[in-house]
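Colleague: Next up, my_file-v3.pdb (PDB, C-alpha atoms, pLDDT in the B column).
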```pdb
ATOM      1  CA  MET A   1     -72.078 240.447 -69.411  1.00 25.00           C
ATOM      2  CA  LEU A   2     -70.736 237.028 -70.322  1.00 26.00           C
ATOM      3  CA  MET A   3     -67.196 237.948 -69.241  1.00 26.00           C
ATOM      4  CA  ILE A   4     -68.419 239.209 -65.883  1.00 27.00           C
ATOM      5  CA  PHE A   5     -70.310 235.969 -65.331  1.00 26.00           C
ATOM      6  CA  LYS A   6     -67.241 233.907 -66.158  1.00 31.00           C
ATOM      7  CA  LYS A   7     -65.104 235.976 -63.774  1.00 35.00           C
ATOM      8  CA  THR A   8     -67.624 235.378 -60.978  1.00 35.00           C
ATOM      9  CA  LEU A   9     -67.378 231.638 -61.531  1.00 33.00           C
ATOM     10  CA  ILE A  10     -63.565 231.716 -61.468  1.00 38.00           C
ATOM     11  CA  THR A  11     -63.456 233.833 -58.304  1.00 48.00           C
ATOM     12  CA  ALA A  12     -65.979 231.610 -56.565  1.00 44.00           C
ATOM     13  CA  GLY A  13     -63.863 228.592 -57.474  1.00 50.00           C
ATOM     14  CA  VAL A  14     -60.733 230.222 -56.051  1.00 56.00           C
ATOM     15  CA  VAL A  15     -62.446 231.023 -52.766  1.00 56.00           C
ATOM     16  CA  THR A  16     -63.913 227.512 -52.557  1.00 50.00           C
ATOM     17  CA  THR A  17     -60.426 226.039 -53.058  1.00 53.00           C
ATOM     18  CA  LEU A  18     -59.016 228.354 -50.403  1.00 59.00           C
ATOM     19  CA  LEU A  19     -61.594 227.281 -47.849  1.00 52.00           C
ATOM     20  CA  THR A  20     -61.141 223.537 -48.153  1.00 48.00           C
ATOM     21  CA  THR A  21     -60.572 222.630 -44.522  1.00 46.00           C
ATOM     22  CA  GLY A  22     -61.528 223.843 -41.094  1.00 44.00           C
ATOM     23  CA  CYS A  23     -61.117 222.572 -37.533  1.00 44.00           C
ATOM     24  CA  SER A  24     -63.570 223.153 -34.739  1.00 48.00           C
ATOM     25  CA  MET A  25     -60.742 222.790 -32.199  1.00 78.00           C
ATOM     26  CA  LYS A  26     -58.992 225.903 -33.519  1.00 84.00           C
ATOM     27  CA  GLN A  27     -59.640 229.465 -32.382  1.00 91.00           C
ATOM     28  CA  PRO A  28     -62.374 231.341 -34.302  1.00 93.00           C
ATOM     29  CA  MET A  29     -60.932 233.626 -36.954  1.00 92.00           C
ATOM     30  CA  PRO A  30     -61.394 237.316 -36.010  1.00 90.00           C
ATOM     31  CA  SER A  31     -63.670 239.433 -38.207  1.00 89.00           C
ATOM     32  CA  SER A  32     -60.744 241.770 -38.973  1.00 90.00           C
ATOM     33  CA  LEU A  33     -58.823 238.851 -40.453  1.00 90.00           C
ATOM     34  CA  TYR A  34     -61.782 237.953 -42.671  1.00 88.00           C
ATOM     35  CA  PHE A  35     -61.675 241.476 -44.104  1.00 92.00           C
ATOM     36  CA  ARG A  36     -57.893 241.622 -44.457  1.00 92.00           C
ATOM     37  CA  GLN A  37     -57.487 238.257 -46.178  1.00 91.00           C
ATOM     38  CA  ALA A  38     -60.519 238.754 -48.430  1.00 89.00           C
ATOM     39  CA  SER A  39     -59.232 242.204 -49.430  1.00 90.00           C
ATOM     40  CA  LEU A  40     -55.769 240.864 -50.201  1.00 92.00           C
ATOM     41  CA  LEU A  41     -57.213 238.019 -52.268  1.00 93.00           C
ATOM     42  CA  MET A  42     -59.310 240.489 -54.240  1.00 91.00           C
ATOM     43  CA  HIS A  43     -56.262 242.711 -54.926  1.00 92.00           C
ATOM     44  CA  MET A  44     -54.225 239.671 -55.958  1.00 92.00           C
ATOM     45  CA  GLU A  45     -56.955 238.690 -58.413  1.00 91.00           C
ATOM     46  CA  ARG A  46     -57.146 242.159 -59.990  1.00 92.00           C
ATOM     47  CA  CYS A  47     -53.376 242.701 -60.156  1.00 92.00           C
ATOM     48  CA  LYS A  48     -52.820 239.291 -61.753  1.00 92.00           C
ATOM     49  CA  ARG A  49     -55.619 239.943 -64.261  1.00 90.00           C
ATOM     50  CA  ASP A  50     -54.140 243.318 -65.279  1.00 90.00           C
ATOM     51  CA  GLY A  51     -50.578 241.990 -65.536  1.00 92.00           C
ATOM     52  CA  TYR A  52     -49.070 243.632 -62.451  1.00 93.00           C
ATOM     53  CA  LEU A  53     -48.677 240.392 -60.455  1.00 92.00           C
ATOM     54  CA  SER A  54     -46.954 237.339 -61.890  1.00 92.00           C
ATOM     55  CA  SER A  55     -48.583 233.935 -61.775  1.00 90.00           C
ATOM     56  CA  TYR A  56     -45.754 232.720 -59.505  1.00 93.00           C
ATOM     57  CA  ASP A  57     -46.317 235.518 -56.987  1.00 91.00           C
ATOM     58  CA  TYR A  58     -50.066 235.001 -57.148  1.00 92.00           C
ATOM     59  CA  TYR A  59     -49.973 231.270 -56.477  1.00 93.00           C
ATOM     60  CA  SER A  60     -47.270 231.629 -53.825  1.00 91.00           C
ATOM     61  CA  GLY A  61     -49.442 234.198 -52.066  1.00 90.00           C
ATOM     62  CA  PHE A  62     -52.525 232.032 -52.553  1.00 92.00           C
ATOM     63  CA  GLN A  63     -50.840 229.017 -50.948  1.00 92.00           C
ATOM     64  CA  ALA A  64     -49.629 231.159 -48.036  1.00 89.00           C
ATOM     65  CA  MET A  65     -53.136 232.548 -47.548  1.00 92.00           C
ATOM     66  CA  THR A  66     -54.597 229.044 -47.650  1.00 90.00           C
ATOM     67  CA  TYR A  67     -52.196 227.983 -44.885  1.00 90.00           C
ATOM     68  CA  VAL A  68     -52.816 231.058 -42.702  1.00 90.00           C
ATOM     69  CA  VAL A  69     -56.608 230.888 -43.021  1.00 90.00           C
ATOM     70  CA  ASN A  70     -56.593 227.182 -42.163  1.00 90.00           C
ATOM     71  CA  THR A  71     -54.812 227.852 -38.892  1.00 88.00           C
ATOM     72  CA  TRP A  72     -58.124 229.349 -37.723  1.00 90.00           C
ATOM     73  CA  ASP A  73     -61.638 228.022 -37.294  1.00 90.00           C
ATOM     74  CA  TYR A  74     -63.336 230.050 -40.029  1.00 83.00           C
ATOM     75  CA  ASP A  75     -66.776 230.162 -41.604  1.00 88.00           C
ATOM     76  CA  GLU A  76     -66.710 229.555 -45.344  1.00 88.00           C
ATOM     77  CA  ALA A  77     -69.923 231.478 -46.028  1.00 90.00           C
ATOM     78  CA  THR A  78     -68.639 234.507 -44.113  1.00 90.00           C
ATOM     79  CA  PHE A  79     -65.373 234.525 -46.064  1.00 89.00           C
ATOM     80  CA  LYS A  80     -67.168 234.264 -49.434  1.00 91.00           C
ATOM     81  CA  SER A  81     -69.609 237.010 -48.453  1.00 91.00           C
ATOM     82  CA  GLN A  82     -66.763 239.288 -47.387  1.00 90.00           C
ATOM     83  CA  PHE A  83     -64.840 238.613 -50.612  1.00 90.00           C
ATOM     84  CA  ASN A  84     -67.857 239.269 -52.834  1.00 92.00           C
ATOM     85  CA  GLU A  85     -68.726 242.470 -50.981  1.00 91.00           C
ATOM     86  CA  ILE A  86     -65.187 243.848 -51.313  1.00 89.00           C
ATOM     87  CA  SER A  87     -65.004 242.830 -54.977  1.00 89.00           C
ATOM     88  CA  LEU A  88     -68.258 244.649 -55.654  1.00 91.00           C
ATOM     89  CA  ASN A  89     -66.997 247.824 -53.988  1.00 88.00           C
ATOM     90  CA  TRP A  90     -63.808 247.794 -56.092  1.00 86.00           C
ATOM     91  CA  LYS A  91     -65.312 246.668 -59.403  1.00 84.00           C
ATOM     92  CA  ASP A  92     -65.053 250.132 -61.032  1.00 85.00           C
ATOM     93  CA  ILE A  93     -61.539 250.889 -59.755  1.00 85.00           C
ATOM     94  CA  LYS A  94     -58.764 250.054 -62.198  1.00 86.00           C
ATOM     95  CA  ALA A  95     -55.610 248.403 -60.870  1.00 87.00           C
ATOM     96  CA  THR A  96     -52.410 250.474 -61.138  1.00 90.00           C
ATOM     97  CA  SER A  97     -48.721 249.691 -60.872  1.00 91.00           C
ATOM     98  CA  ASN A  98     -48.322 251.548 -57.566  1.00 91.00           C
ATOM     99  CA  TRP A  99     -51.356 249.872 -56.090  1.00 88.00           C
ATOM    100  CA  CYS A 100     -50.147 246.421 -57.096  1.00 93.00           C
ATOM    101  CA  GLU A 101     -46.650 247.102 -55.710  1.00 93.00           C
ATOM    102  CA  GLY A 102     -48.302 247.416 -52.313  1.00 91.00           C
ATOM    103  CA  THR A 103     -50.144 244.157 -52.983  1.00 91.00           C
ATOM    104  CA  LYS A 104     -46.830 242.468 -53.804  1.00 92.00           C
ATOM    105  CA  ARG A 105     -45.422 243.589 -50.452  1.00 93.00           C
ATOM    106  CA  ASP A 106     -48.520 242.279 -48.671  1.00 93.00           C
ATOM    107  CA  VAL A 107     -48.124 238.950 -50.458  1.00 92.00           C
ATOM    108  CA  ALA A 108     -44.448 238.770 -49.449  1.00 93.00           C
ATOM    109  CA  ASN A 109     -45.346 239.502 -45.813  1.00 93.00           C
ATOM    110  CA  LEU A 110     -48.063 236.831 -45.917  1.00 91.00           C
ATOM    111  CA  ILE A 111     -45.575 234.266 -47.224  1.00 92.00           C
ATOM    112  CA  VAL A 112     -43.165 235.157 -44.401  1.00 92.00           C
ATOM    113  CA  GLU A 113     -45.973 234.841 -41.858  1.00 90.00           C
ATOM    114  CA  ALA A 114     -46.949 231.403 -43.190  1.00 88.00           C
ATOM    115  CA  ASN A 115     -43.338 230.162 -43.242  1.00 91.00           C
ATOM    116  CA  ASN A 116     -42.695 231.406 -39.702  1.00 90.00           C
ATOM    117  CA  HIS A 117     -45.806 229.634 -38.479  1.00 88.00           C
ATOM    118  CA  LYS A 118     -44.747 226.426 -40.234  1.00 86.00           C
ATOM    119  CA  ARG A 119     -41.287 226.548 -38.640  1.00 87.00           C
ATOM    120  CA  ALA A 120     -42.736 227.244 -35.202  1.00 86.00           C
ATOM    121  CA  SER A 121     -45.230 224.387 -35.602  1.00 81.00           C
ATOM    122  CA  SER A 122     -42.482 222.036 -36.743  1.00 79.00           C
ATOM    123  CA  GLN A 123     -40.298 223.029 -33.785  1.00 80.00           C
ATOM    124  CA  ARG A 124     -43.184 222.470 -31.362  1.00 79.00           C
ATOM    125  CA  ALA A 125     -43.839 219.086 -32.930  1.00 77.00           C
ATOM    126  CA  ILE A 126     -40.168 218.128 -32.532  1.00 81.00           C
ATOM    127  CA  GLU A 127     -40.127 219.326 -28.920  1.00 74.00           C
ATOM    128  CA  ASN A 128     -43.324 217.401 -28.190  1.00 73.00           C
ATOM    129  CA  GLN A 129     -41.849 214.258 -29.725  1.00 77.00           C
ATOM    130  CA  GLN A 130     -38.661 214.709 -27.703  1.00 73.00           C
ATOM    131  CA  ALA A 131     -40.668 215.260 -24.517  1.00 70.00           C
ATOM    132  CA  ILE A 132     -42.761 212.167 -25.196  1.00 74.00           C
ATOM    133  CA  ALA A 133     -39.632 210.144 -25.938  1.00 73.00           C
ATOM    134  CA  SER A 134     -38.000 211.380 -22.721  1.00 70.00           C
ATOM    135  CA  ILE A 135     -41.071 210.535 -20.628  1.00 71.00           C
ATOM    136  CA  SER A 136     -41.329 207.137 -22.298  1.00 69.00           C
ATOM    137  CA  LYS A 137     -37.662 206.432 -21.564  1.00 69.00           C
ATOM    138  CA  SER A 138     -38.064 207.496 -17.917  1.00 68.00           C
ATOM    139  CA  LEU A 139     -41.122 205.294 -17.468  1.00 68.00           C
ATOM    140  CA  GLN A 140     -39.317 202.417 -19.136  1.00 74.00           C
ATOM    141  CA  GLU A 141     -36.294 202.834 -16.844  1.00 70.00           C
ATOM    142  CA  LEU A 142     -38.598 203.096 -13.823  1.00 70.00           C
ATOM    143  CA  GLY A 143     -40.371 199.931 -14.888  1.00 66.00           C
ATOM    144  CA  GLN A 144     -37.080 198.122 -15.328  1.00 71.00           C
ATOM    145  CA  SER A 145     -35.853 199.297 -11.911  1.00 70.00           C
ATOM    146  CA  SER A 146     -39.090 198.166 -10.277  1.00 67.00           C
ATOM    147  CA  GLN A 147     -38.868 194.826 -12.029  1.00 71.00           C
ATOM    148  CA  GLN A 148     -35.258 194.360 -10.902  1.00 71.00           C
ATOM    149  CA  ALA A 149     -36.123 195.334  -7.337  1.00 67.00           C
ATOM    150  CA  GLY A 150     -39.029 192.917  -7.345  1.00 63.00           C
ATOM    151  CA  GLN A 151     -36.848 190.121  -8.708  1.00 69.00           C
ATOM    152  CA  GLN A 152     -34.194 190.815  -6.083  1.00 70.00           C
ATOM    153  CA  ALA A 153     -36.814 190.691  -3.335  1.00 63.00           C
ATOM    154  CA  LEU A 154     -38.177 187.432  -4.759  1.00 62.00           C
ATOM    155  CA  ASN A 155     -34.681 185.960  -4.926  1.00 67.00           C
ATOM    156  CA  SER A 156     -34.020 186.987  -1.334  1.00 63.00           C
ATOM    157  CA  VAL A 157     -37.184 185.265  -0.178  1.00 51.00           C
ATOM    158  CA  GLN A 158     -36.393 182.158  -2.205  1.00 60.00           C
ATOM    159  CA  ASN A 159     -32.830 182.028  -0.870  1.00 62.00           C
ATOM    160  CA  MET A 160     -33.837 182.662   2.733  1.00 55.00           C
ATOM    161  CA  GLN A 161     -33.087 179.699   4.978  1.00 53.00           C
ATOM    162  CA  ILE A 162     -35.776 179.196   7.550  1.00 47.00           C
ATOM    163  CA  VAL A 163     -34.363 177.553  10.662  1.00 51.00           C
ATOM    164  CA  THR A 164     -36.831 175.804  12.875  1.00 46.00           C
ATOM    165  CA  PRO A 165     -35.759 176.074  16.513  1.00 49.00           C
ATOM    166  CA  THR A 166     -34.971 172.773  18.166  1.00 50.00           C
ATOM    167  CA  VAL A 167     -36.952 172.201  21.314  1.00 44.00           C
ATOM    168  CA  THR A 168     -35.292 169.992  23.909  1.00 50.00           C
ATOM    169  CA  TYR A 169     -37.617 168.452  26.361  1.00 43.00           C
ATOM    170  CA  PRO A 170     -36.308 167.398  29.810  1.00 49.00           C
ATOM    171  CA  ASN A 171     -35.751 163.708  30.353  1.00 49.00           C
ATOM    172  CA  ASN A 172     -37.975 162.586  33.188  1.00 47.00           C
ATOM    173  CA  GLN A 173     -35.775 159.521  33.691  1.00 46.00           C
ATOM    174  CA  ILE A 174     -32.688 161.487  34.745  1.00 44.00           C
ATOM    175  CA  ASN A 175     -30.586 159.757  37.403  1.00 49.00           C
ATOM    176  CA  ILE A 176     -30.090 162.753  39.647  1.00 51.00           C
ATOM    177  CA  ASN A 177     -27.107 161.143  41.360  1.00 52.00           C
ATOM    178  CA  ALA A 178     -25.301 160.847  38.000  1.00 49.00           C
ATOM    179  CA  LEU A 179     -25.367 164.600  37.297  1.00 56.00           C
ATOM    180  CA  PRO A 180     -22.136 166.598  37.692  1.00 58.00           C
ATOM    181  CA  ALA A 181     -21.500 167.714  41.210  1.00 61.00           C
ATOM    182  CA  PRO A 182     -22.177 171.400  41.819  1.00 62.00           C
ATOM    183  CA  GLU A 183     -19.223 173.562  42.722  1.00 63.00           C
ATOM    184  CA  GLY A 184     -18.219 173.030  46.354  1.00 61.00           C
ATOM    185  CA  TYR A 185     -19.760 169.538  46.660  1.00 62.00           C
ATOM    186  CA  GLU A 186     -18.252 166.101  46.370  1.00 57.00           C
ATOM    187  CA  LYS A 187     -19.080 163.813  43.511  1.00 53.00           C
ATOM    188  CA  THR A 188     -20.336 160.795  45.439  1.00 52.00           C
ATOM    189  CA  LEU A 189     -23.389 158.661  45.360  1.00 55.00           C
ATOM    190  CA  VAL A 190     -25.831 158.968  48.178  1.00 53.00           C
ATOM    191  CA  PRO A 191     -25.185 156.055  50.608  1.00 57.00           C
ATOM    192  CA  SER A 192     -27.765 153.368  50.601  1.00 53.00           C
ATOM    193  CA  GLY A 193     -30.535 154.118  53.027  1.00 56.00           C
ATOM    194  CA  THR A 194     -29.492 157.738  53.362  1.00 69.00           C
ATOM    195  CA  VAL A 195     -32.187 160.225  52.548  1.00 80.00           C
ATOM    196  CA  GLY A 196     -31.574 163.929  52.118  1.00 83.00           C
ATOM    197  CA  ILE A 197     -34.315 166.483  52.616  1.00 86.00           C
ATOM    198  CA  LEU A 198     -34.346 169.555  50.312  1.00 88.00           C
ATOM    199  CA  ARG A 199     -32.803 172.352  52.291  1.00 88.00           C
ATOM    200  CA  ASN A 200     -32.045 175.103  49.770  1.00 87.00           C
ATOM    201  CA  THR A 201     -32.356 175.983  46.071  1.00 89.00           C
ATOM    202  CA  SER A 202     -29.834 178.202  44.300  1.00 87.00           C
ATOM    203  CA  PHE A 203     -28.845 179.107  40.725  1.00 85.00           C
ATOM    204  CA  ALA A 204     -25.405 178.986  39.163  1.00 80.00           C
ATOM    205  CA  ASN A 205     -24.085 178.924  35.580  1.00 79.00           C
ATOM    206  CA  GLY A 206     -27.554 178.653  34.042  1.00 80.00           C
ATOM    207  CA  ALA A 207     -28.600 175.700  36.205  1.00 85.00           C
ATOM    208  CA  LYS A 208     -30.667 175.118  39.293  1.00 89.00           C
ATOM    209  CA  ILE A 209     -28.861 173.620  42.314  1.00 90.00           C
ATOM    210  CA  CYS A 210     -30.796 171.575  44.841  1.00 89.00           C
ATOM    211  CA  GLU A 211     -29.058 171.316  48.251  1.00 89.00           C
ATOM    212  CA  TYR A 212     -30.039 168.605  50.774  1.00 85.00           C
ATOM    213  CA  SER A 213     -29.655 168.047  54.502  1.00 84.00           C
ATOM    214  CA  ASN A 214     -27.260 165.140  54.033  1.00 81.00           C
ATOM    215  CA  GLY A 215     -24.619 167.451  52.540  1.00 80.00           C
ATOM    216  CA  ARG A 216     -25.258 166.480  48.981  1.00 84.00           C
ATOM    217  CA  ALA A 217     -26.531 168.521  46.058  1.00 87.00           C
ATOM    218  CA  ILE A 218     -27.694 167.979  42.494  1.00 86.00           C
ATOM    219  CA  ARG A 219     -27.724 170.202  39.407  1.00 87.00           C
ATOM    220  CA  ILE A 220     -30.869 170.208  37.309  1.00 88.00           C
ATOM    221  CA  GLN A 221     -32.285 172.288  34.464  1.00 88.00           C
ATOM    222  CA  LEU A 222     -33.941 175.591  35.282  1.00 84.00           C
ATOM    223  CA  SER A 223     -37.291 174.329  34.089  1.00 84.00           C
ATOM    224  CA  GLU A 224     -37.238 171.366  36.458  1.00 88.00           C
ATOM    225  CA  THR A 225     -38.349 171.225  40.066  1.00 88.00           C
ATOM    226  CA  CYS A 226     -36.035 170.095  42.859  1.00 90.00           C
ATOM    227  CA  PRO A 227     -37.114 166.787  44.380  1.00 88.00           C
ATOM    228  CA  ASN A 228     -38.119 167.183  48.013  1.00 86.00           C
ATOM    229  CA  LEU A 229     -36.156 164.035  48.942  1.00 85.00           C
ATOM    230  CA  LEU A 230     -32.802 162.937  47.622  1.00 82.00           C
ATOM    231  CA  GLN A 231     -33.037 159.153  47.660  1.00 75.00           C
ATOM    232  CA  PRO A 232     -30.328 156.556  46.974  1.00 64.00           C
TER     233      PRO A 232
END
```
Just give me the structure as structure tokens.

Modeller:
Amino acid sequence: MLMIFKKTLITAGVVTTLLTTGCSMKQPMPSSLYFRQASLLMHMERCKRDGYLSSYDYYSGFQAMTYVVNTWDYDEATFKSQFNEISLNWKDIKATSNWCEGTKRDVANLIVEANNHKRASSQRAIENQQAIASISKSLQELGQSSQQAGQQALNSVQNMQIVTPTVTYPNNQININALPAPEGYEKTLVPSGTVGILRNTSFANGAKICEYSNGRAIRIQLSETCPNLLQP
């Protein structure tokens, strides 16, 4: 009775160690996996106790099972209950060499499963890091390009020469008789006492030409108005 009690304490400690961590973000562990892992753990216990499973194989399998179980969101109480129920059902069945050979194969398969999952997880982690690094580099290059473009635009604005147009206002004190003679007219001053009356207005070479009845003419700016009388 004492030995059975001690065995129960050891088994409970093993299961408690196995179920050390859980993560609510993981997928719930299927009920079939509870049964399969609890059964395998029970067989490992019995085969190790009866000398058919080495301590190395047992602990290697135990570590692999710990890893596999912790990839799921499991319930510790459910796992313990399943383990105890299976152990109770097999308590009167003696372990044999053939039986434990099958357990060894199951342990080997479990180790392979755990190692494959570890490699896949490591590869995903590397790929995620590479993807993050690539995105970071692209954003950094985009930021640098935007900064350079902004600096170039700022430099262009700073270097831009703003030219204020020069406005020339007409001189109201122009001596109309001193202006160049329009084409076809003589360059002479209007005789004293001779008054010419505006007869015609024409445009030539960007200027306004005022023609008078005394045969004279003057050239003025387009914005100006021809005098009605051409006085000496």

Colleague: Would you mind telling me which residue in A:Ala38, A:Cys47, A:Ile132, A:Cys226 lies nearest to Ser97 (chain A) when using all atoms listed in the file?

Modeller: A:Cys47

Colleague: Can you pull out every residue within 10 Å of Leu33 (chain A), counting all atoms listed in the file, but drop anything in the same chain fewer than 4 positions away, and send it as a ChimeraX atom specification?

Modeller: /A:29,37-39,69,72,74,79

Colleague: CA of Ala120 (chain A) and CA of Lys26 (chain A) are how many Å apart?

Modeller: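 Atom-to-atom, CA of Ala120 (chain A) to CA of Lys26 (chain A), that is 16.4 Å.
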
Colleague: Let me know the residues the PyMOL selection byres ((chain A and resi 45) around 12) catches in the file above, as a ChimeraX atom specification.

Modeller: /A:7-8,10-12,14-15,38-44,46-55,57-59,61-62,83,87,90-91,95,100,103-104,107

Colleague: For Asn228 (chain A), work out the shell of residues within 10 Å, counting only C-alpha atoms and skipping chain neighbours fewer than 2 positions away, then give it as a list in words.

Modeller: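 Counting only C-alpha atoms, the residues come to Gly196, Ile197, Leu198, Arg199, Cys210, Glu211, Tyr212, Thr225, Cys226, Leu230 and Gln231 of chain A.
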
Colleague: By how many Å are CA of Asp106 (chain A) and CA of Gln123 (chain A) apart?

Modeller: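 Computed distance, CA of Asp106 (chain A) to CA of Gln123 (chain A), equals 25.7 Å.
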
Colleague: So how far away is CA of Arg105 (chain A) from CA of Asp75 (chain A), in Å?

Modeller: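 These atoms are spaced 26.7 Å apart.
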
Colleague: Write out as a list in words which residues come within 6 Å of Ile209 (chain A) when counting only C-alpha atoms, dropping same-chain ones fewer than 4 positions away.

Modeller: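 What passes the distance filter is Thr201, Ser202, Phe203, Ile218 and Arg219 of chain A.
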
Colleague: Would you mind telling me which residue in A:Val195, A:Val68, A:Ala204, A:Met25 lies nearest to Asn116 (chain A) when using all atoms listed in the file?

Modeller: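 Answer, going by the shortest atom-to-atom distance: A:Val68.
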
Colleague: When you count only C-alpha atoms, which of these residues is closest to Ser213 (chain A): A:Ser31, A:Asn200, A:Val112, A:Gln152?

Modeller: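 Of A:Ser31, A:Asn200, A:Val112, A:Gln152, the one nearest Ser213 (chain A), counting only C-alpha atoms, is A:Asn200.
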
Colleague: My list of candidates is A:Ser134, A:Thr71, A:Asn115, A:Ser60. Which is closest to Pro28 (chain A) when distances are computed with only C-alpha atoms?

Modeller: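 The shortest atom-to-atom distance to Pro28 (chain A) comes from A:Thr71.
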